[in-house]
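*Asks:* Handing over query_39.tsv, TSV, C-alpha atoms.
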```tsv
chain	number	residue	atom	x	y	z
A	1	MET	CA	-3.52	15.55	14.60
A	2	ILE	CA	-2.78	13.00	11.89
A	3	ILE	CA	-1.40	13.68	8.41
A	4	HIS	CA	-1.77	11.20	5.57
A	5	VAL	CA	0.59	11.69	2.64
A	6	ASP	CA	-0.14	9.80	-0.58
A	7	MET	CA	2.13	10.16	-3.59
A	8	ASP	CA	0.18	10.69	-6.81
A	9	ALA	CA	0.64	7.89	-9.39
A	10	PHE	CA	3.96	7.22	-7.67
A	11	TYR	CA	5.69	4.68	-9.92
A	12	ALA	CA	4.55	6.39	-13.11
A	13	SER	CA	5.44	9.84	-11.74
A	14	VAL	CA	8.97	8.67	-10.92
A	15	GLU	CA	9.38	7.41	-14.48
A	16	GLU	CA	8.07	10.72	-15.87
A	17	ARG	CA	10.54	12.57	-13.68
A	18	GLU	CA	13.38	10.50	-15.10
A	19	GLN	CA	12.11	10.81	-18.68
A	20	PRO	CA	10.42	14.21	-19.11
A	21	GLU	CA	9.44	13.31	-22.67
A	22	LEU	CA	6.83	10.95	-21.16
A	23	ARG	CA	4.84	13.79	-19.60
A	24	GLY	CA	1.43	14.22	-21.18
A	25	LYS	CA	1.57	10.71	-22.62
A	26	PRO	CA	-0.29	7.60	-21.35
A	27	VAL	CA	2.17	5.67	-19.15
A	28	ILE	CA	1.76	2.25	-17.55
A	29	VAL	CA	4.26	0.71	-15.15
A	30	GLY	CA	3.98	-3.06	-14.99
A	31	GLY	CA	4.47	-6.30	-16.87
A	32	THR	CA	4.32	-6.98	-20.57
A	33	PRO	CA	1.17	-8.38	-22.20
A	34	GLU	CA	3.27	-11.22	-23.67
A	35	GLY	CA	4.18	-12.33	-20.14
A	36	ARG	CA	0.60	-11.98	-18.93
A	37	GLY	CA	1.74	-9.09	-16.76
A	38	VAL	CA	-0.45	-6.64	-14.89
A	39	VAL	CA	-0.55	-2.89	-14.36
A	40	ALA	CA	1.36	-1.83	-11.25
A	41	ALA	CA	0.67	1.89	-11.74
A	42	ALA	CA	-1.03	4.11	-14.29
A	43	ASN	CA	-0.55	7.84	-14.75
A	44	TYR	CA	-3.53	10.16	-14.86
A	45	VAL	CA	-3.47	10.41	-18.66
A	46	VAL	CA	-3.98	6.69	-19.21
A	47	ARG	CA	-6.55	6.51	-16.39
A	48	GLU	CA	-8.88	8.56	-18.58
A	49	PHE	CA	-9.13	5.48	-20.80
A	50	GLY	CA	-10.32	3.33	-17.90
A	51	VAL	CA	-6.92	1.81	-17.10
A	52	HIS	CA	-6.21	1.10	-13.43
A	53	SER	CA	-3.79	-0.85	-11.27
A	54	ALA	CA	-4.10	-4.66	-11.08
A	55	MET	CA	-5.60	-4.73	-14.57
A	56	PRO	CA	-3.97	-7.18	-17.01
A	57	THR	CA	-1.64	-5.22	-19.26
A	58	SER	CA	-3.24	-6.81	-22.31
A	59	THR	CA	-6.61	-5.37	-21.28
A	60	ALA	CA	-5.05	-1.97	-20.60
A	61	LEU	CA	-3.55	-1.88	-24.09
A	62	LYS	CA	-6.93	-2.67	-25.62
A	63	LEU	CA	-8.36	0.34	-23.81
A	64	CYS	CA	-5.38	2.53	-24.73
A	65	PRO	CA	-3.31	1.04	-27.60
A	66	ASP	CA	-0.88	3.98	-27.51
A	67	ALA	CA	0.05	3.47	-23.87
A	68	ILE	CA	3.75	3.27	-23.06
A	69	VAL	CA	4.54	0.24	-20.87
A	70	LEU	CA	7.58	0.44	-18.59
A	71	PRO	CA	8.94	-2.27	-16.26
A	72	ALA	CA	8.58	-1.75	-12.52
A	73	ARG	CA	11.78	-0.86	-10.66
A	74	LEU	CA	10.90	-1.45	-7.01
A	75	ASP	CA	14.43	-0.99	-5.69
A	76	TYR	CA	14.60	2.42	-7.33
A	77	TYR	CA	11.15	3.38	-6.03
A	78	SER	CA	12.30	2.28	-2.56
A	79	GLU	CA	15.19	4.71	-2.77
A	80	VAL	CA	12.85	7.54	-3.76
A	81	SER	CA	10.54	6.53	-0.92
A	82	ARG	CA	13.48	6.80	1.50
A	83	GLN	CA	14.08	10.38	0.34
A	84	ILE	CA	10.42	11.21	0.96
A	85	HIS	CA	10.60	9.72	4.45
A	86	GLU	CA	13.57	11.96	5.20
A	87	VAL	CA	11.19	14.89	4.66
A	88	PHE	CA	8.63	13.34	7.03
A	89	ALA	CA	11.26	12.84	9.74
A	90	ARG	CA	11.88	16.60	9.94
A	91	TYR	CA	8.44	17.02	11.48
A	92	THR	CA	7.78	13.91	13.62
A	93	PRO	CA	9.35	10.59	14.59
A	94	LEU	CA	5.89	8.96	14.53
A	95	ILE	CA	5.72	7.73	10.93
A	96	GLU	CA	3.74	4.65	9.92
A	97	PRO	CA	4.43	3.60	6.32
A	98	LEU	CA	1.54	1.89	4.53
A	99	SER	CA	3.51	1.24	1.35
A	100	LEU	CA	6.30	2.88	-0.61
A	101	ASP	CA	4.04	5.73	-1.63
A	102	GLU	CA	1.93	6.57	1.44
A	103	ALA	CA	2.27	7.01	5.17
A	104	PHE	CA	0.56	8.31	8.29
A	105	LEU	CA	2.30	10.93	10.44
A	106	ASP	CA	1.25	11.79	13.98
A	107	VAL	CA	2.21	15.43	14.57
A	108	THR	CA	0.30	15.86	17.84
A	109	GLY	CA	3.48	16.09	19.87
A	110	THR	CA	5.39	18.35	17.48
A	111	VAL	CA	2.72	20.73	16.22
A	112	ALA	CA	3.68	23.28	18.90
A	113	LEU	CA	7.05	23.66	17.17
A	114	PHE	CA	5.33	24.82	14.01
A	115	GLU	CA	2.41	27.07	13.21
A	116	SER	CA	-0.21	24.31	12.93
A	117	ALA	CA	-0.78	20.76	11.64
A	118	GLU	CA	-2.06	22.31	8.42
A	119	GLN	CA	1.18	24.27	8.04
A	120	ILE	CA	3.22	21.10	8.60
A	121	GLY	CA	1.22	19.36	5.87
A	122	ARG	CA	1.76	22.22	3.45
A	123	GLN	CA	5.50	22.34	4.16
A	124	ILE	CA	5.80	18.58	3.62
A	125	GLN	CA	3.92	18.81	0.33
A	126	ALA	CA	6.08	21.72	-0.84
A	127	GLU	CA	9.39	20.12	0.21
A	128	ILE	CA	8.57	16.87	-1.58
A	129	GLN	CA	7.85	18.90	-4.71
A	130	GLN	CA	11.02	20.96	-4.40
A	131	GLU	CA	13.47	18.26	-3.33
A	132	VAL	CA	12.15	15.07	-4.94
A	133	GLN	CA	10.29	16.69	-7.87
A	134	LEU	CA	7.16	14.65	-7.21
A	135	VAL	CA	3.58	15.54	-6.36
A	136	ALA	CA	1.86	14.40	-3.17
A	137	SER	CA	-1.72	14.67	-1.94
A	138	VAL	CA	-2.13	15.46	1.75
A	139	GLY	CA	-4.95	14.98	4.24
A	140	VAL	CA	-4.90	16.53	7.70
A	141	ALA	CA	-7.45	15.33	10.26
A	142	PRO	CA	-7.98	14.21	13.87
A	143	ASN	CA	-7.60	10.48	13.04
A	144	LYS	CA	-6.33	7.98	10.48
A	145	PHE	CA	-9.63	7.27	8.73
A	146	LEU	CA	-10.40	10.94	8.15
A	147	ALA	CA	-6.83	11.82	7.14
A	148	LYS	CA	-6.66	9.08	4.52
A	149	LEU	CA	-10.11	9.97	3.23
A	150	ALA	CA	-9.11	13.63	2.98
A	151	SER	CA	-5.93	12.92	1.01
A	152	ASP	CA	-7.90	10.98	-1.59
A	153	LEU	CA	-10.60	13.54	-2.38
A	154	GLU	CA	-8.83	16.11	-4.53
A	155	LYS	CA	-6.08	14.17	-6.29
A	156	PRO	CA	-3.68	14.99	-7.82
A	157	ALA	CA	-1.87	17.55	-5.63
A	158	GLY	CA	-4.82	17.64	-3.26
A	159	PHE	CA	-4.76	19.24	0.17
A	160	VAL	CA	-7.77	18.78	2.45
A	161	VAL	CA	-8.08	19.65	6.14
A	162	ILE	CA	-10.74	18.18	8.43
A	163	THR	CA	-11.17	19.67	11.88
A	164	GLY	CA	-13.21	18.48	14.85
A	165	GLU	CA	-15.82	21.09	14.03
A	166	ASN	CA	-16.47	20.09	10.41
A	167	ILE	CA	-16.30	16.28	10.59
A	168	HIS	CA	-20.01	15.67	10.00
A	169	ALA	CA	-20.32	18.40	7.40
A	170	PHE	CA	-17.40	16.80	5.58
A	171	LEU	CA	-18.60	13.20	5.81
A	172	ASP	CA	-22.37	13.52	5.35
A	173	PRO	CA	-22.50	14.19	1.56
A	174	LEU	CA	-20.04	11.41	0.71
A	175	PRO	CA	-21.26	8.03	-0.59
A	176	VAL	CA	-21.21	5.16	1.91
A	177	SER	CA	-18.66	3.40	-0.33
A	178	ARG	CA	-16.07	5.87	1.02
A	179	ILE	CA	-16.12	4.05	4.37
A	180	TRP	CA	-13.42	1.42	4.85
A	181	GLY	CA	-15.06	-1.99	4.70
A	182	VAL	CA	-17.96	-1.01	2.44
A	183	GLY	CA	-17.37	-2.88	-0.78
A	184	ARG	CA	-19.61	-3.59	-3.72
A	185	VAL	CA	-21.83	-6.13	-1.94
A	186	THR	CA	-22.24	-4.04	1.23
A	187	ASP	CA	-22.87	-0.93	-0.85
A	188	LYS	CA	-25.73	-2.68	-2.65
A	189	ALA	CA	-27.15	-3.81	0.69
A	190	PHE	CA	-27.20	-0.22	1.88
A	191	GLU	CA	-28.82	0.91	-1.35
A	192	LYS	CA	-31.67	-1.55	-0.76
A	193	LEU	CA	-32.11	0.06	2.67
A	194	GLY	CA	-32.30	3.50	1.05
A	195	ILE	CA	-28.90	4.50	2.45
A	196	ARG	CA	-26.66	6.14	-0.12
A	197	THR	CA	-24.69	8.76	1.81
A	198	ILE	CA	-22.71	8.70	5.03
A	199	GLY	CA	-25.14	11.27	6.41
A	200	GLN	CA	-28.07	8.90	5.85
A	201	LEU	CA	-26.07	6.09	7.41
A	202	ARG	CA	-25.27	8.18	10.47
A	203	GLU	CA	-28.99	8.59	11.14
A	204	ARG	CA	-29.36	4.84	11.71
A	205	SER	CA	-28.72	3.40	15.14
A	206	LEU	CA	-25.92	1.07	16.11
A	207	PRO	CA	-28.34	-1.83	16.91
A	208	PHE	CA	-29.91	-1.38	13.47
A	209	LEU	CA	-26.53	-1.83	11.74
A	210	GLU	CA	-25.36	-4.63	14.02
A	211	ASP	CA	-28.56	-6.54	13.38
A	212	ARG	CA	-27.97	-6.47	9.63
A	213	PHE	CA	-24.17	-6.52	9.34
A	214	GLY	CA	-22.88	-8.04	12.60
A	215	LYS	CA	-19.45	-6.82	13.73
A	216	LEU	CA	-19.03	-4.98	10.44
A	217	GLY	CA	-22.04	-2.88	11.45
A	218	GLU	CA	-20.25	-1.49	14.52
A	219	HIS	CA	-17.14	-0.76	12.47
A	220	ILE	CA	-19.16	1.13	9.86
A	221	TRP	CA	-21.19	3.01	12.49
A	222	LYS	CA	-18.03	4.31	14.19
A	223	LEU	CA	-16.46	5.49	10.96
A	224	ALA	CA	-19.71	7.15	9.85
A	225	HIS	CA	-19.44	9.21	13.04
A	226	GLY	CA	-15.79	10.03	12.29
A	227	THR	CA	-14.46	7.84	15.11
A	228	ASP	CA	-11.16	6.00	14.68
A	229	ASP	CA	-8.98	5.33	17.73
A	230	ARG	CA	-6.07	3.60	16.01
A	231	ALA	CA	-2.66	5.01	16.80
A	232	VAL	CA	0.14	5.78	14.37
A	233	ILE	CA	2.72	3.07	15.01
A	234	PRO	CA	6.23	3.39	13.53
A	235	ASP	CA	7.79	0.20	12.20
A	236	ARG	CA	10.38	0.10	15.00
A	237	GLY	CA	7.66	0.10	17.65
A	238	ALA	CA	5.27	-2.21	15.86
A	239	LYS	CA	4.55	-5.78	16.87
A	240	SER	CA	3.83	-6.58	13.23
A	241	ILE	CA	4.38	-5.02	9.80
A	242	SER	CA	1.94	-5.46	6.94
A	243	ASN	CA	0.76	-4.00	3.65
A	244	GLU	CA	-2.43	-4.69	1.74
A	245	THR	CA	-4.05	-3.69	-1.54
A	246	THR	CA	-7.74	-3.22	-2.25
A	247	PHE	CA	-8.41	-3.69	-5.96
A	248	PRO	CA	-10.54	-1.20	-7.93
A	249	THR	CA	-12.49	-4.19	-9.28
A	250	ASP	CA	-12.74	-7.75	-7.95
A	251	ILE	CA	-9.93	-10.01	-9.19
A	252	ASP	CA	-10.46	-13.55	-10.48
A	253	ASP	CA	-6.97	-14.05	-11.95
A	254	MET	CA	-4.41	-15.86	-9.77
A	255	GLU	CA	-1.55	-14.28	-11.68
A	256	VAL	CA	-2.79	-10.81	-10.80
A	257	LEU	CA	-2.93	-11.81	-7.14
A	258	GLN	CA	0.58	-13.26	-7.30
A	259	SER	CA	1.91	-10.08	-8.86
A	260	SER	CA	0.26	-7.90	-6.21
A	261	LEU	CA	1.47	-10.21	-3.44
A	262	MET	CA	5.04	-9.98	-4.72
A	263	GLU	CA	4.93	-6.19	-4.56
A	264	LEU	CA	3.51	-6.26	-1.03
A	265	THR	CA	6.19	-8.73	0.07
A	266	GLU	CA	8.93	-6.55	-1.37
A	267	GLN	CA	7.62	-3.55	0.55
A	268	VAL	CA	7.23	-5.43	3.85
A	269	ALA	CA	10.73	-6.86	3.57
A	270	ARG	CA	12.16	-3.42	2.84
A	271	ARG	CA	10.38	-2.00	5.91
A	272	LEU	CA	11.79	-4.81	8.04
A	273	ARG	CA	15.31	-4.10	6.92
A	274	ARG	CA	14.86	-0.35	7.28
A	275	SER	CA	13.80	-0.83	10.92
A	276	ARG	CA	16.65	-3.35	11.46
A	277	ARG	CA	14.31	-6.17	12.45
A	278	GLN	CA	13.51	-9.73	11.42
A	279	ALA	CA	10.25	-11.66	11.49
A	280	ARG	CA	9.37	-15.16	12.62
A	281	THR	CA	5.85	-15.51	11.19
A	282	VAL	CA	4.41	-14.69	7.76
A	283	HIS	CA	0.74	-13.81	7.33
A	284	LEU	CA	-1.54	-13.78	4.28
A	285	LYS	CA	-4.96	-12.16	4.03
A	286	VAL	CA	-7.42	-12.46	1.14
A	287	ARG	CA	-10.82	-10.77	1.21
A	288	TYR	CA	-13.39	-12.01	-1.29
A	289	HIS	CA	-16.13	-10.12	-3.10
A	290	ASP	CA	-18.69	-11.15	-0.46
A	291	PHE	CA	-16.44	-9.67	2.26
A	292	GLN	CA	-15.47	-13.08	3.61
A	293	THR	CA	-11.89	-12.74	4.79
A	294	ILE	CA	-9.48	-15.68	4.86
A	295	THR	CA	-6.21	-15.47	6.79
A	296	ARG	CA	-3.30	-17.88	6.85
A	297	SER	CA	0.00	-17.83	8.73
A	298	GLN	CA	3.24	-19.76	8.64
A	299	THR	CA	5.94	-19.72	11.32
A	300	LEU	CA	9.48	-20.01	10.01
A	301	GLY	CA	12.27	-22.08	11.50
A	302	GLU	CA	14.33	-18.92	12.02
A	303	SER	CA	13.49	-15.24	11.85
A	304	THR	CA	14.41	-13.41	8.66
A	305	ASN	CA	14.00	-10.20	6.69
A	306	ARG	CA	15.00	-11.72	3.36
A	307	THR	CA	12.62	-11.03	0.52
A	308	ASP	CA	13.00	-14.41	-1.15
A	309	ILE	CA	12.16	-16.42	1.98
A	310	LEU	CA	9.17	-14.23	2.82
A	311	TRP	CA	7.96	-14.40	-0.79
A	312	GLN	CA	8.25	-18.18	-1.07
A	313	THR	CA	6.29	-18.58	2.17
A	314	ALA	CA	3.56	-16.13	1.16
A	315	LEU	CA	3.26	-17.63	-2.32
A	316	GLU	CA	2.88	-21.14	-0.90
A	317	MET	CA	0.02	-19.99	1.32
A	318	LEU	CA	-1.66	-18.21	-1.60
A	319	THR	CA	-1.47	-21.15	-4.00
A	320	ASP	CA	-1.80	-24.14	-1.68
A	321	ARG	CA	-3.66	-23.14	1.48
A	322	LEU	CA	-6.70	-21.13	0.41
A	323	PRO	CA	-10.15	-22.76	0.24
A	324	ASP	CA	-11.02	-24.54	-2.98
A	325	ARG	CA	-13.50	-21.98	-4.25
A	326	ARG	CA	-13.98	-19.71	-7.23
A	327	LEU	CA	-11.45	-16.92	-6.83
A	328	CYS	CA	-12.96	-13.44	-6.74
A	329	ALA	CA	-10.86	-11.26	-4.46
A	330	ARG	CA	-11.22	-7.60	-3.60
A	331	LEU	CA	-8.20	-7.38	-1.28
A	332	VAL	CA	-4.90	-9.13	-0.71
A	333	GLY	CA	-2.58	-8.44	2.20
A	334	MET	CA	0.77	-9.70	3.41
A	335	GLY	CA	2.37	-9.17	6.80
A	336	VAL	CA	4.89	-10.44	9.32
A	337	SER	CA	4.95	-10.75	13.11
A	338	GLY	CA	7.19	-12.13	15.82
A	339	LEU	CA	9.58	-9.26	15.22
A	340	GLU	CA	13.02	-9.25	16.78
A	341	SER	CA	16.43	-7.76	16.30
A	342	PRO	CA	18.98	-9.87	14.39
A	343	SER	CA	21.41	-11.83	16.54
A	344	SER	CA	24.82	-13.25	15.78
A	345	GLN	CA	23.38	-16.73	16.22
A	346	GLN	CA	21.28	-16.24	13.12
A	347	ARG	CA	24.13	-15.59	10.77
A	348	GLY	CA	23.93	-19.16	9.56
A	349	LEU	CA	21.03	-17.97	7.48
A	350	PHE	CA	23.48	-16.00	5.39
A	351	ASP	CA	26.09	-18.71	5.07
A	352	GLU	CA	27.56	-18.58	1.56
A	353	GLU	CA	27.88	-22.36	1.51
A	354	GLU	CA	24.20	-22.92	2.35
A	355	ASP	CA	22.96	-20.19	0.02
A	356	PRO	CA	25.24	-19.82	-3.02
A	357	ARG	CA	23.09	-16.98	-4.39
A	358	GLY	CA	24.11	-14.88	-1.41
A	359	GLY	CA	21.83	-14.70	1.58
A	360	ARG	CA	22.93	-11.12	2.31
A	361	LEU	CA	21.78	-9.84	-1.07
A	362	ASP	CA	18.94	-7.76	0.40
A	363	GLU	CA	21.12	-6.24	3.12
A	364	VAL	CA	23.97	-5.35	0.79
A	365	THR	CA	21.60	-3.95	-1.83
A	366	ASP	CA	19.91	-1.72	0.73
A	367	GLN	CA	23.23	-0.46	2.08
A	368	ILE	CA	24.57	0.40	-1.36
A	369	LYS	CA	21.39	2.21	-2.33
A	370	ASP	CA	21.22	4.11	0.94
A	371	ARG	CA	24.76	5.36	0.43
A	372	PHE	CA	25.07	5.78	-3.33
A	373	GLY	CA	21.48	6.29	-4.46
A	374	LYS	CA	19.10	5.27	-7.10
A	375	ARG	CA	20.81	3.25	-9.83
A	376	SER	CA	23.89	2.01	-8.03
A	377	VAL	CA	22.53	-1.56	-7.92
A	378	ARG	CA	19.30	-3.28	-8.82
A	379	ARG	CA	17.94	-6.72	-7.96
A	380	GLY	CA	16.63	-8.78	-10.83
A	381	SER	CA	13.39	-9.53	-9.02
A	382	ALA	CA	12.48	-5.87	-8.91
A	383	ALA	CA	12.57	-5.60	-12.68
A	384	ASP	CA	10.74	-8.86	-13.22
A	385	MET	CA	8.22	-8.82	-10.40
A	386	HIS	CA	5.25	-8.08	-12.64
A	387	ARG	CA	6.04	-10.78	-15.14
A	388	SER	CA	3.81	-13.81	-14.68
A	389	ASP	CA	4.92	-16.04	-17.53
A	390	ARG	CA	6.18	-18.56	-14.94
A	391	PRO	CA	3.75	-18.26	-12.05
A	392	ASP	CA	4.87	-21.61	-10.70
A	393	LEU	CA	8.31	-20.22	-9.93
A	394	PRO	CA	8.79	-17.76	-7.05
A	395	ALA	CA	10.64	-14.60	-7.86
A	396	PRO	CA	14.23	-14.53	-6.61
```
Go ahead and render the structure in this file as structure tokens.

*Replies:*
Amino acid sequence: MIIHVDMDAFYASVEEREQPELRGKPVIVGGTPEGRGVVAAANYVVREFGVHSAMPTSTALKLCPDAIVLPARLDYYSEVSRQIHEVFARYTPLIEPLSLDEAFLDVTGTVALFESAEQIGRQIQAEIQQEVQLVASVGVAPNKFLAKLASDLEKPAGFVVITGENIHAFLDPLPVSRIWGVGRVTDKAFEKLGIRTIGQLRERSLPFLEDRFGKLGEHIWKLAHGTDDRAVIPDRGAKSISNETTFPTDIDDMEVLQSSLMELTEQVARRLRRSRRQARTVHLKVRYHDFQTITRSQTLGESTNRTDILWQTALEMLTDRLPDRRLCARLVGMGVSGLESPSSQQRGLFDEEEDPRGGRLDEVTDQIKDRFGKRSVRRGSAADMHRSDRPDLPAP
């Protein structure tokens, strides 16, 4: 069985935990409107005004003028994420982080040690609440697709269990847009075919879907039947590490994409360092509104897990190597491959003479935070990552 844990309004919830006077008020975590920043996270109060992540902060403040805007503190959120992962590790070693605030857990091999997969999920949810003072939504299901779908249905503080016996009963009433890969354009195509629910979709044959949607048709058909064979792969066993973000609405602002890409890069770099690995190749993925997906990759001269090098490489691919077309993106992703353990021969990367800013900044920062906790040290880039007043300059 697979458990998907998704922290509710993570960044904003952390800030509310630190400042209880913010509870009940509309809170945005992100960049300032003066710097053409964007919303990194929005609490549930401000969401009622139509505010969502990846929205320009200036637009969010027009929708909710009384919103409180706080700067993002990714290093601090990483420390909180580490505490949450310590809870996960009590129940299984098979943990696949998707970002700082969500992860898959495969408890198939450890469920016999506990009452059931459902009981494990409930204990994890309760321990996060008790020990970290944050709220998580949990989905328990036979595979990744169903577990992630379950965790999203009853937010905040949701808890949904899908068993092998109720998969179709669970899926059939849901709109087809709940299936991974069904965006706005594909959803409209299904509507023209008279298909609005997953149950209606499941009645159509595989050849019917392949004829109209190609390879995407097979992907959709499998998920409509509740089939997903992907394994939970921990970072240390992975051949690649990646994160991606699907936007609530299509994005046509390069600064919004840059801001989202910076956050993804920060998370990937942190996961690399946490698993004590370095990467040789950087990957970028952008999916457009018409579902066309463009990928780019760049192989580095030497492997690294440094945030600044990974960010500069990803930013260059985003700004210089995408097709010359009108930007309208629904997803951006960043990843790394060619993973290997650091070797003594690579220490030249961290040579003080070659890099006066200190090539070991990431490593030292992580070590200090792991030992001394939340506010012991903070990188400037974490505070400034959602500021886009100088998009031509990569964040440090």

*Asks:* If we count all atoms listed in the file, what is near Ser297 of chain A at a cut-off of 9 Å, once residues fewer than 5 positions away on the same chain are taken out, given as a ChimeraX atom specification?

*Replies:* /A:281-285,314,317,336

*Asks:* Could you check the closest approach to Asn243 of chain A for each of A:Ser260, A:Thr110, A:Gln123, A:Asn166 and tell me which residue wins, using all atoms listed in the file?

*Replies:*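 Closest candidate: A:Ser260.
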
*Asks:* Excluding segment 93-98 of chain A and residues on its chain fewer than 2 positions from it, collect all residues at most 9 Å away from it, counting only C-alpha atoms, and give them as a ChimeraX atom specification.

*Replies:* /A:85,88-91,100-107,232-235,242-244,271

*Asks:* Pick the closest to Leu70 of chain A from A:Leu223, A:Gly37, A:Tyr44, A:Glu86: which is it, counting all atoms listed in the file?

*Replies:* A:Gly37

*Asks:* For segment 233-342 of chain A versus segment 10-30 of chain A, which residues have an atom no more than 12 Å away, and what is each residue's nearest atom pair and distance in Å rounded to one decimal, using all atoms listed in the file, chain-then-number order, as a tab-separated table?

*Replies:*
```
residue	atom	partner	partner_atom	distance
A:Val256	CA	A:Gly30	CA	11.1
A:Ser259	CA	A:Gly30	CA	9.5
A:Ser260	CA	A:Gly30	CA	10.7
A:Glu263	CA	A:Gly30	CA	10.9
```

*Asks:* Measure the distance from atom CA of Arg280 of chain A to atom CA of Gly338 of chain A in Å and round it to one decimal.

*Replies:* 4.9 Å

*Asks:* Report, in Å to a single decimal, how far apart atom CA of Phe49 of chain A and atom CA of Leu63 of chain A are.

*Replies:* 6.0 Å

*Asks:* Using all atoms listed in the file, which of A:Ala117, A:Met7, A:Leu61, A:Val69 sits nearest Ile84 of chain A?

*Replies:*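 Closest to Ile84 of chain A of all the choices is A:Met7.
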
*Asks:* If I take atom CA of Lys222 of chain A and atom CA of Phe159 of chain A, how far is one from the other in Å, to one decimal?

*Replies:*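 Going from atom CA of Lys222 of chain A over to atom CA of Phe159 of chain A, I get 24.4 Å.
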
*Asks:* Which is closer to Ser177 of chain A than all the others in A:Arg274, A:Ala224, A:Asn143, A:Phe213, using all atoms listed in the file?

*Replies:*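 Comparing A:Arg274, A:Ala224, A:Asn143, A:Phe213 against Ser177 of chain A, the winner is A:Ala224.
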
*Asks:* Excluding segment 190-201 of chain A and any residue of its chain fewer than 3 positions from it, enumerate the residues within 8 Å of it, using only C-alpha atoms, and give them as a ChimeraX atom specification.

*Replies:* /A:168,171-176,186-187,204,221,224

*Asks:* Between A:Glu340, A:Glu154, A:Glu48, A:Glu115, which is the closest to Leu272 of chain A once you count only C-alpha atoms?

*Replies:*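 Of A:Glu340, A:Glu154, A:Glu48, A:Glu115, the one nearest Leu272 of chain A is A:Glu340, counting only C-alpha atoms.
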
*Asks:* I'd like to know which of A:Arg321, A:Lys155, A:Arg277, A:His219 is closest to Arg296 of chain A, using only C-alpha atoms.

*Replies:*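 The answer is A:Arg321, which sits nearest to Arg296 of chain A.
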
*Asks:* Write out as a list in words the residues lying within 12 Å of Cys328 of chain A, counting only C-alpha atoms and excluding same-chain residues fewer than 5 positions away.

*Replies:*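 The filter keeps Phe247, Thr249, Asp250, Ile251, Asp252, Asp253, Met254, Val256, Leu257, Val286, Arg287, Tyr288, His289, Asp290, Phe291, Gln292, Thr293 and Pro323 of chain A.
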